[in-house]
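Comments concern the structure below.
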Amino acid sequence: MKILAVCGMGLGSGLILRMQAEKALKELGLQADLEVADIGTARALASTADLILTSEELAQQLVGVKPRIVTISNFIDLREMVEKLGAAIGTP
Amino acid sequence: MDAQLSSGAGASLGGLLPESAITIGARAADWREAIRAAGRALVASGATSDAYTDEMIATVETLGAYIVIAPGIALAHSRPSPAVHRAGMCLVTLARPVEFGHRTNDPVSLVVGLAAPDDEGHVSALATLADFLTDEGRRAALLRAGDPRTVRSLIAAYEGGAAGQPDHAPDAAHA
């Protein structure tokens with residue numbers, strides 16, 4: 001399982017998404033590779049990923065990519081991350 | 001894990017956030033002025049030159065309000081550029097919250113500014129700040145702080161206390 005955390009520049013909110021996803025996966029007892037990408041390269045990298053994590057705004061720019069997109073509205077709310085990641089990975 | 005790395009992932013949060021990079025009660029009429037306040041704080045601390053402020057504004061103009069990463073919190077930043085002299089962060093609390101145009105997280109009362117010359121040097125500090133802001137009590141204390149020195153001590157106390165502890169240390173310890 002490979003998860004792509006997508007943000008605008010690849011070095012701000014995407015890092016926070018990756019960090020929160022690491023914690024959430026640990027809590028869920030799941031393992032996955034996590035990678036950060038900026039919106040410019042995300043489309044090209046999408047085919048290598050099983051899941052994309054991003055904001056609602058940026059998700060609109062990724063319409064049509066293969067992996068399922070999970071949107072996070074509060075990046076520092078671990079509960080939201082655990083619930084959405086758990087639901088997405090648990091129901092393929 | 002990231003928050004505990006001392007080499008490779010760069011400086012501590014306190015190390016990237018001097019008093020000169022903290023502004024309390026900035027007046028901003030709209031999101032551009034809020035980002036300008038963050039830009040001034042980054043310039044004052046020596047992390048960036050003025051051009052980076054425009055680059056942070058351009059990020060929102062191009063990509064939208066996705067930088068409002070949590071209710072009330074915007075993470076203003078752009079990519080590495082000649083206007084970034086070194087890794088730095090800033091914190092700006094707003095006298096009056098402003099709308100950034102985000103569907104769920106407006107209005108913004110705290111602007112975090114981030115300047116990064118590469119994609120490594122700020123990772124640890126950003127992770128620590130995100131962890132710090134996760135807790136409602138700590139967030140409220142930061143927004144209540146009357147001066148930059150108080151903000152610095154809140155962060156120093158958290159960084160000192162958090163070092164070496166597991167990620168999920170009970171928040172009751174901070175009550």
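Residues are named by chain letter and number: chains run A, B, ... in the order of the structure tokens, numbers start at 1 in each chain, and ligands are numbered from 1 in the order shown.
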
>> Show me, as a PyMOL selection string, the residues of chain B whose atoms get within 9 Å of chain A, using only C-alpha atoms for the distance check.
In response: chain B and resi 1-2+59+63-71+75-79+102-105+114+116+118-120+122-123+126-127+130-131+133-134+167

> Which neighbours of Ala37 of chain A fall inside 8 Å, counting only C-alpha atoms, when residues of the same chain fewer than 4 positions from it are skipped, and could you give them as a ChimeraX atom specification?
Replying inline: /A:4-7,9-10,14,41-42,45

Emit the selected residues as a short mmCIF file (atom, residue, chain, number, x, y, z; two decimals), in the first residue's frame, including all heavy atoms.
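This went into selection-v5.cif:
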data_model
loop_
_atom_site.label_atom_id
_atom_site.label_comp_id
_atom_site.auth_asym_id
_atom_site.auth_seq_id
_atom_site.Cartn_x
_atom_site.Cartn_y
_atom_site.Cartn_z
N LEU A 4 0.01 8.69 -1.10
CA LEU A 4 0.62 9.94 -1.54
C LEU A 4 -0.08 11.10 -0.82
O LEU A 4 -1.29 11.27 -0.94
CB LEU A 4 0.41 10.05 -3.05
CG LEU A 4 1.36 10.91 -3.88
CD1 LEU A 4 2.80 10.49 -3.70
CD2 LEU A 4 0.95 10.84 -5.36
N ALA A 5 0.71 11.86 -0.05
CA ALA A 5 0.17 13.06 0.62
C ALA A 5 0.45 14.25 -0.27
O ALA A 5 1.60 14.59 -0.52
CB ALA A 5 0.82 13.24 1.99
N VAL A 6 -0.62 14.87 -0.77
CA VAL A 6 -0.46 15.91 -1.79
C VAL A 6 -0.79 17.29 -1.22
O VAL A 6 -1.84 17.49 -0.61
CB VAL A 6 -1.38 15.63 -2.99
CG1 VAL A 6 -1.27 16.77 -4.02
CG2 VAL A 6 -1.01 14.30 -3.64
N CYS A 7 0.13 18.24 -1.42
CA CYS A 7 -0.16 19.63 -1.05
C CYS A 7 0.33 20.53 -2.17
O CYS A 7 0.81 20.07 -3.20
CB CYS A 7 0.46 20.00 0.29
SG CYS A 7 2.25 20.09 0.28
N MET A 9 2.86 22.80 -2.41
CA MET A 9 4.28 22.98 -2.66
C MET A 9 5.11 21.75 -2.32
O MET A 9 6.30 21.71 -2.60
CB MET A 9 4.81 24.16 -1.83
CG MET A 9 4.12 25.46 -2.14
SD MET A 9 4.48 26.01 -3.83
CE MET A 9 3.21 27.22 -4.06
N GLY A 10 4.50 20.80 -1.63
CA GLY A 10 5.24 19.59 -1.27
C GLY A 10 6.11 19.73 -0.04
O GLY A 10 6.91 18.84 0.25
N GLY A 14 1.60 19.17 3.21
CA GLY A 14 1.79 17.76 2.86
C GLY A 14 2.61 17.02 3.90
O GLY A 14 2.38 15.85 4.19
N THR A 41 3.38 17.58 -9.42
CA THR A 41 3.89 16.25 -9.77
C THR A 41 2.92 15.14 -9.35
O THR A 41 3.10 13.98 -9.72
CB THR A 41 5.26 15.99 -9.11
OG1 THR A 41 5.15 16.28 -7.71
CG2 THR A 41 6.34 16.86 -9.70
N ALA A 42 1.90 15.51 -8.57
CA ALA A 42 1.00 14.49 -8.01
C ALA A 42 0.30 13.68 -9.10
O ALA A 42 0.15 12.47 -8.99
CB ALA A 42 -0.03 15.15 -7.10
N LEU A 45 2.59 11.13 -10.42
CA LEU A 45 2.93 10.09 -9.44
C LEU A 45 1.71 9.26 -9.04
O LEU A 45 1.84 8.20 -8.43
CB LEU A 45 3.52 10.73 -8.18
CG LEU A 45 4.95 11.28 -8.29
CD1 LEU A 45 5.32 12.07 -7.05
CD2 LEU A 45 5.94 10.14 -8.50
#

>> Under the rule that only C-alpha atoms are counted, which of B:Asp147, B:Gly25, B:Gly14, B:Ala74 is the nearest residue to Phe100 of chain B?
In response: B:Ala74

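You can rank B:Ala156, B:Gly39, B:Ala29, B:Asp50 by their closest distance to Leu91 of chain B using only C-alpha atoms, and at the top of that list sits B:Gly39.
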
> At what distance in Å, to one decimal, does atom CA of Met89 of chain B lie from atom CA of Arg152 of chain B?
Replying inline: 12.5 Å

> Hey, what's within 8 Å of segment 28-31 of chain A if we count only C-alpha atoms and toss same-chain stuff fewer than 4 positions away? As a ChimeraX atom specification, please?
Replying inline: /A:1,24,82,86

Export of prior selection with all heavy atoms as a CSV table (one decimal), in the first residue's frame:
chain,number,residue,atom,x,y,z
A,1,MET,N,0.8,-1.2,0.0
A,1,MET,CA,0.0,0.0,0.0
A,1,MET,C,0.9,1.2,0.0
A,1,MET,O,1.8,1.4,0.8
A,1,MET,CB,-0.9,0.0,1.2
A,1,MET,CG,-1.5,1.3,1.7
A,1,MET,SD,-3.0,1.9,0.9
A,1,MET,CE,-4.1,0.5,1.0
A,24,ALA,N,-1.8,7.9,12.4
A,24,ALA,CA,-3.1,7.2,12.3
A,24,ALA,C,-2.9,5.7,11.9
A,24,ALA,O,-3.5,4.8,12.4
A,24,ALA,CB,-3.9,7.9,11.2
A,82,VAL,N,-7.7,9.3,11.4
A,82,VAL,CA,-7.9,7.9,11.7
A,82,VAL,C,-9.2,7.3,11.1
A,82,VAL,O,-9.2,6.3,10.5
A,82,VAL,CB,-7.9,7.7,13.2
A,82,VAL,CG1,-8.4,6.3,13.6
A,82,VAL,CG2,-6.5,7.9,13.8
A,86,GLY,N,-9.0,4.9,8.0
A,86,GLY,CA,-9.5,3.5,8.4
A,86,GLY,C,-10.6,3.1,7.5
A,86,GLY,O,-10.6,2.0,7.0
